[in-house]
Amino acid sequence: MRRAAACALAAVVVSAPWLVAVVVPRQQRYVLHVLIFTAFFAALALSYDLVVGHVGSLSLAHPAFFGVGAYTAAILATRAGWPFLADVVGAALAAAAVAALVGVPLFRLTEHAFAVGTLGLAVVASIVANNWVDVTRGPLCITGIPKPVLGLSGGPALVITTLPGQYWLALVALGAVVLLYRGLTTFRLGRAFHAVRDNEPLAGAAGINALKYRLLAFTIAAALAGGVGAMYVHYLSVMCPEEMTIGLTVNLLVIVFLGGVGTLRGVLIGAVLFTALPEVLRLAPTWRLVIYGALLLLVVVRSPEGIERLLRRTTPSRVAG
Amino acid sequence: MPLLEIRGLIKRFIGVTAVDRVDLAVERGELVSLIGPNGSGKTTLFNCVTGYLATDGGRVLFGGRDVTNAPSHSVARLGIARTFQQVSVFPRLSALDNLLVFLQQHQEESFLARLLRSRRLRRLETEAVERARRLLDLVGLGDRATAAAGSLSFGQRKLLAFAAALMPDPELLLLDEPAAAVNPTMINQMKQHILALHRQGKTVLLVEHNMDVVMDISQRIVVLDHGEKIAEGPPDVIRRDARVVEAYFGR
């Protein structure tokens, strides 16, 4: 039954562009745009959850890594003429390098001090993006970022220009992040992450170097955020400093914590709800933000551990103990 | 050569010398107890040996190798397991996963192998799960394998922490008050577990306040008072030692 349901869901997700064309033909472009954003946000939130949910470090620096990736890709594509896939990899590596560099001093801080330190990083990154005009063009934004081209130079190439094409590309990226997320958070490695999160002194007695695993999760998460940033700018074809403000952290926190921190389906549910919801609420423009806020409150009050927790209660086989 | 050798270990906290030039050697296969009144430095000594506190002097040798001030995870990887006085588990992990965590270094694999979920990886995992289940059965928690550790009773958590320490098959076990705050049946159980380990040839260093347990199972007892070693010897001798009696009951 579960397998059948999963297959049906996958079929709906993959065929969404056609479904949208049939159901809401007039708003096809808009709906697809929201879906693409949802996929990007889901991928970004999953990468964020590796740090927040699995090693339990409240990092607020994710917009910085997203931004480093986005700007790296934008600059490589527009000024150096790098092909799409190469600049996505370059963006991921650049973000990972920054994370590894700042991670060593940041992880000397614990708990709240760590959160504030990472917040500082996010603020500094945003200020740099606004003011380092020679490189980022500041508020003028980097424009004219080419559409994604799949394929190697010289060989046959596939230019992704249509919205459905962009959607499927975003889905592939999300799928890759989901596979990585599952690979990293299960078995030995996942247990090491969770041990560090649950009880760091005891993790030491189990032979686990907490700093090493925190840095590993932080760096991989940054690489994924950078990669998503690169895909994102190729979709929008423009990168502005506003894309990497602290507001992005707030969105990610809402998605991860209200969806279900540390769980794959929780984060995915959170991404779908909290990216699509504000758009759906445009039907009531005056009350949009009030309703959104009230719904957030409702989730926090009714299920403080996230929406995923509600699903678990109704599935007896998953109840612990 | 002793398996564990502590030479002139010193640990000072502000204004207090918690461990004062303590020498202690534990031979391979020995069962030694460390006793002393509250605040005599037993747990501090454990913490210095296992990398949880930086020492202010002296050396710690394990199998002839200098491990003074090595970080806790390195000490654990060399084969020294320890339990904590304040019972310590991973509350959100299942009882089974709590044990599996302790097999980290035996399960290390390449990143590629992880992603491909190689056959070797699956075999290692199956073996690890089998071993963990055996240990859970041993301490009587076989039917709680999937329960979150945080949902277990105090006594069950204590048994779980003990089983977890055994998971990597350590050469040396440092047990910090395994019989404290548990009911008499479980004290007896714990005693049997420790004796069984001793019979298997494991080396055990025990901190314990329960004198019945200590006198009953130890081969040798070391007594600390105010951070100093005041006596050392077999149970019969320690029982009659004037300084020990004085430290415990006053003059």
# chains A, B, ... in the order shown; residues from 1 in each chain; ligands from 1
$ closest_atom_pairs --of "chain B" --to "chain A" --cutoff "6 Å" --atoms "only C-alpha atoms" --output "tab-separated table"
residue	atom	partner	partner_atom	distance
B:Ser72	CA	A:Gly204	CA	5.2
B:His73	CA	A:Gly207	CA	3.9
B:Ala76	CA	A:Gly207	CA	4.9
B:Arg77	CA	A:Gly207	CA	5.3
B:Phe90	CA	A:Asp198	CA	5.4
B:Val101	CA	A:Arg191	CA	5.9
B:Phe102	CA	A:Ala206	CA	4.7
B:Leu115	CA	A:Gly183	CA	5.9
B:Ala147	CA	A:Gly321	CA	4.0
$ residues_around --residues "Ala125 (chain A)" --least-positions-apart "2" --cutoff "9 Å" --atoms "only C-alpha atoms" --output "list in words"
Ala61, Pro63, Ala64, Phe65, Gly67, Val68, Gly120, Leu121, Ala122, Val123, Ile127, Val128, Ala129, Asn130, Met244 and Thr245 of chain A
$ closest_residue --among "B:Asn98, B:Asn183, B:Asn210, B:Gln85" --to "Lys42 (chain B)" --atoms "only C-alpha atoms"
B:Gln85
$ residues_around --residues "Pro148 (chain A)" --least-positions-apart "2" --cutoff "8 Å" --atoms "only C-alpha atoms" --output "mmCIF file with N, CA and C atoms, in the first residue's frame"
data_model
loop_
_atom_site.group_PDB
_atom_site.id
_atom_site.type_symbol
_atom_site.label_atom_id
_atom_site.label_comp_id
_atom_site.auth_asym_id
_atom_site.auth_seq_id
_atom_site.Cartn_x
_atom_site.Cartn_y
_atom_site.Cartn_z
ATOM 1 N N PHE A 84 27.161 25.313 -17.871
ATOM 2 C CA PHE A 84 26.236 25.200 -16.741
ATOM 3 C C PHE A 84 26.694 24.224 -15.661
ATOM 4 N N PRO A 146 22.905 32.889 -18.363
ATOM 5 C CA PRO A 146 22.271 32.065 -19.415
ATOM 6 C C PRO A 146 21.412 30.942 -18.842
ATOM 7 N N LEU A 150 22.511 21.516 -20.795
ATOM 8 C CA LEU A 150 23.031 20.218 -20.389
ATOM 9 C C LEU A 150 23.857 19.654 -21.515
ATOM 10 N N VAL A 159 19.441 22.739 -24.397
ATOM 11 C CA VAL A 159 19.209 24.001 -23.705
ATOM 12 C C VAL A 159 17.845 23.948 -23.040
ATOM 13 N N ILE A 160 17.824 24.220 -21.735
ATOM 14 C CA ILE A 160 16.563 24.166 -21.007
ATOM 15 C C ILE A 160 15.956 25.559 -21.015
ATOM 16 N N THR A 161 14.965 25.762 -21.825
ATOM 17 C CA THR A 161 14.378 27.099 -21.890
ATOM 18 C C THR A 161 12.932 27.108 -21.396
ATOM 19 N N HIS A 234 20.466 30.356 -12.442
ATOM 20 C CA HIS A 234 20.304 29.999 -13.856
ATOM 21 C C HIS A 234 18.829 29.990 -14.230
ATOM 22 N N TYR A 235 17.991 29.692 -13.254
ATOM 23 C CA TYR A 235 16.549 29.732 -13.521
ATOM 24 C C TYR A 235 16.084 31.177 -13.636
#
$ select_by_dssp --residues "region 23-248 of chain B" --states "strand (DSSP E or B)" --output "VMD selection string"
chain B and resid 23 to 26 31 to 35 57 to 62 65 to 66 80 to 82 94 148 172 to 176 203 to 207 220 to 225 228 to 233
$ closest_residue --among "B:Glu130, B:Glu246, B:Asp176, B:Glu228" --to "Gly8 (chain B)" --atoms "only C-alpha atoms"
B:Glu228
$ residues_around --residues "Leu158 (chain A)" --least-positions-apart "4" --cutoff "12 Å" --atoms "only C-alpha atoms" --output "compact mmCIF listing (two decimals) with N, CA and C atoms, in the first residue's frame"
# COMPACT_ATOMS: atom_id res chain seq x y z
N PRO A 83 30.50 26.48 -18.73
CA PRO A 83 29.25 25.77 -19.00
C PRO A 83 28.46 25.53 -17.71
N PHE A 84 27.16 25.31 -17.87
CA PHE A 84 26.24 25.20 -16.74
C PHE A 84 26.69 24.22 -15.66
N LEU A 85 26.91 22.97 -16.05
CA LEU A 85 27.22 21.96 -15.03
C LEU A 85 28.52 22.28 -14.31
N LYS A 147 20.47 30.48 -19.66
CA LYS A 147 19.64 29.33 -19.28
C LYS A 147 20.52 28.09 -19.19
N PRO A 148 20.09 27.12 -18.38
CA PRO A 148 20.92 25.92 -18.23
C PRO A 148 21.09 25.18 -19.56
N VAL A 149 22.31 24.74 -19.82
CA VAL A 149 22.58 23.93 -20.99
C VAL A 149 23.19 22.62 -20.50
N LEU A 150 22.51 21.52 -20.80
CA LEU A 150 23.03 20.22 -20.39
C LEU A 150 23.86 19.65 -21.51
N GLY A 151 24.96 19.02 -21.17
CA GLY A 151 25.81 18.44 -22.20
C GLY A 151 27.19 19.05 -22.14
N LEU A 152 28.15 18.35 -22.78
CA LEU A 152 29.54 18.80 -22.72
C LEU A 152 29.83 19.70 -23.90
N SER A 153 30.83 20.54 -23.74
CA SER A 153 31.18 21.46 -24.83
C SER A 153 31.61 20.65 -26.04
N GLY A 154 31.13 21.03 -27.20
CA GLY A 154 31.49 20.30 -28.42
C GLY A 154 30.47 19.25 -28.78
N THR A 162 12.20 26.00 -21.62
CA THR A 162 10.79 26.01 -21.26
C THR A 162 10.61 25.85 -19.75
N GLY A 165 10.66 22.24 -18.62
CA GLY A 165 12.05 21.78 -18.60
C GLY A 165 12.75 22.23 -17.33
N GLN A 166 12.56 23.50 -16.97
CA GLN A 166 13.16 24.02 -15.74
C GLN A 166 12.65 23.26 -14.53
N LEU A 169 14.26 19.89 -14.32
CA LEU A 169 15.66 20.06 -13.91
C LEU A 169 15.73 20.29 -12.39
$ atom_distance --atom1 "CA of Ala25 (chain B)" --atom2 "CA of Ala164 (chain B)"
25.2 Å
$ select_by_dssp --residues "region 63-113 of chain B" --states "alpha helix (DSSP H)" --output "short mmCIF file (atom, residue, chain, number, x, y, z; two decimals) with N, CA and C atoms, in the first residue's frame"
data_model
loop_
_atom_site.label_atom_id
_atom_site.label_comp_id
_atom_site.auth_asym_id
_atom_site.auth_seq_id
_atom_site.Cartn_x
_atom_site.Cartn_y
_atom_site.Cartn_z
N SER B 72 38.83 12.67 24.24
CA SER B 72 38.05 11.52 24.67
C SER B 72 37.82 10.51 23.54
N HIS B 73 37.59 11.02 22.32
CA HIS B 73 37.30 10.06 21.24
C HIS B 73 38.52 9.22 20.87
N SER B 74 39.73 9.80 21.00
CA SER B 74 40.93 9.01 20.72
C SER B 74 41.13 7.95 21.79
N VAL B 75 40.91 8.34 23.05
CA VAL B 75 41.06 7.38 24.14
C VAL B 75 40.11 6.21 23.93
N ALA B 76 38.87 6.53 23.55
CA ALA B 76 37.88 5.47 23.32
C ALA B 76 38.34 4.54 22.20
N ARG B 77 38.91 5.12 21.14
CA ARG B 77 39.33 4.32 20.00
C ARG B 77 40.50 3.40 20.31
N LEU B 78 41.29 3.75 21.35
CA LEU B 78 42.41 2.89 21.73
C LEU B 78 41.93 1.66 22.49
N ALA B 95 17.08 2.05 21.74
CA ALA B 95 18.05 1.31 22.55
C ALA B 95 19.06 0.61 21.64
N LEU B 96 18.57 0.04 20.55
CA LEU B 96 19.45 -0.65 19.61
C LEU B 96 20.47 0.31 19.01
N ASP B 97 20.00 1.46 18.56
CA ASP B 97 20.92 2.45 17.97
C ASP B 97 21.92 2.97 18.98
N ASN B 98 21.49 3.05 20.25
CA ASN B 98 22.42 3.48 21.29
C ASN B 98 23.64 2.57 21.33
N LEU B 99 23.42 1.29 21.12
CA LEU B 99 24.55 0.37 21.11
C LEU B 99 25.33 0.48 19.80
N LEU B 100 24.61 0.59 18.69
CA LEU B 100 25.28 0.62 17.39
C LEU B 100 26.23 1.82 17.27
N PHE B 111 33.38 6.92 1.46
CA PHE B 111 32.20 7.69 1.13
C PHE B 111 31.45 7.05 -0.04
N LEU B 112 32.22 6.55 -1.00
CA LEU B 112 31.61 5.93 -2.17
C LEU B 112 30.82 4.69 -1.76
N ALA B 113 31.43 3.88 -0.90
CA ALA B 113 30.78 2.66 -0.44
C ALA B 113 29.45 3.00 0.24
#
$ decode --residues "region 166-181 of chain B" --atoms "N, CA and C atoms" --output "PDB file, in the first residue's frame"
ATOM      1  N   LEU B 166      30.182  -2.058  26.443  1.00  0.00           N
ATOM      2  CA  LEU B 166      30.748  -3.356  26.044  1.00  0.00           C
ATOM      3  C   LEU B 166      30.775  -3.532  24.528  1.00  0.00           C
ATOM      4  N   MET B 167      29.991  -2.741  23.853  1.00  0.00           N
ATOM      5  CA  MET B 167      29.769  -2.931  22.410  1.00  0.00           C
ATOM      6  C   MET B 167      31.073  -3.024  21.600  1.00  0.00           C
ATOM      7  N   PRO B 168      32.025  -2.098  21.777  1.00  0.00           N
ATOM      8  CA  PRO B 168      33.238  -2.193  20.944  1.00  0.00           C
ATOM      9  C   PRO B 168      34.251  -3.209  21.450  1.00  0.00           C
ATOM     10  N   ASP B 169      33.876  -4.056  22.427  1.00  0.00           N
ATOM     11  CA  ASP B 169      34.768  -5.064  22.975  1.00  0.00           C
ATOM     12  C   ASP B 169      36.062  -4.425  23.487  1.00  0.00           C
ATOM     13  N   PRO B 170      35.951  -3.510  24.459  1.00  0.00           N
ATOM     14  CA  PRO B 170      37.117  -2.750  24.911  1.00  0.00           C
ATOM     15  C   PRO B 170      38.084  -3.606  25.723  1.00  0.00           C
ATOM     16  N   GLU B 171      39.348  -3.181  25.743  1.00  0.00           N
ATOM     17  CA  GLU B 171      40.339  -3.887  26.557  1.00  0.00           C
ATOM     18  C   GLU B 171      40.196  -3.526  28.014  1.00  0.00           C
ATOM     19  N   LEU B 172      39.874  -2.251  28.251  1.00  0.00           N
ATOM     20  CA  LEU B 172      39.786  -1.757  29.620  1.00  0.00           C
ATOM     21  C   LEU B 172      38.439  -1.072  29.819  1.00  0.00           C
ATOM     22  N   LEU B 173      37.778  -1.434  30.932  1.00  0.00           N
ATOM     23  CA  LEU B 173      36.479  -0.839  31.236  1.00  0.00           C
ATOM     24  C   LEU B 173      36.589  -0.004  32.501  1.00  0.00           C
ATOM     25  N   LEU B 174      36.202   1.255  32.421  1.00  0.00           N
ATOM     26  CA  LEU B 174      36.148   2.087  33.612  1.00  0.00           C
ATOM     27  C   LEU B 174      34.679   2.281  33.954  1.00  0.00           C
ATOM     28  N   LEU B 175      34.241   1.720  35.060  1.00  0.00           N
ATOM     29  CA  LEU B 175      32.826   1.793  35.419  1.00  0.00           C
ATOM     30  C   LEU B 175      32.656   2.740  36.591  1.00  0.00           C
ATOM     31  N   ASP B 176      31.860   3.798  36.393  1.00  0.00           N
ATOM     32  CA  ASP B 176      31.667   4.794  37.442  1.00  0.00           C
ATOM     33  C   ASP B 176      30.346   4.537  38.161  1.00  0.00           C
ATOM     34  N   GLU B 177      30.427   3.925  39.323  1.00  0.00           N
ATOM     35  CA  GLU B 177      29.287   3.613  40.177  1.00  0.00           C
ATOM     36  C   GLU B 177      28.166   2.849  39.474  1.00  0.00           C
ATOM     37  N   PRO B 178      28.475   1.658  38.964  1.00  0.00           N
ATOM     38  CA  PRO B 178      27.444   0.873  38.274  1.00  0.00           C
ATOM     39  C   PRO B 178      26.318   0.422  39.203  1.00  0.00           C
ATOM     40  N   ALA B 179      26.576   0.365  40.512  1.00  0.00           N
ATOM     41  CA  ALA B 179      25.553  -0.150  41.432  1.00  0.00           C
ATOM     42  C   ALA B 179      24.871   0.955  42.223  1.00  0.00           C
ATOM     43  N   ALA B 180      25.136   2.204  41.876  1.00  0.00           N
ATOM     44  CA  ALA B 180      24.519   3.291  42.642  1.00  0.00           C
ATOM     45  C   ALA B 180      23.085   3.533  42.203  1.00  0.00           C
ATOM     46  N   ALA B 181      22.222   3.802  43.167  1.00  0.00           N
ATOM     47  CA  ALA B 181      20.840   4.209  42.910  1.00  0.00           C
ATOM     48  C   ALA B 181      20.018   3.189  42.139  1.00  0.00           C
TER      49      ALA B 181
END
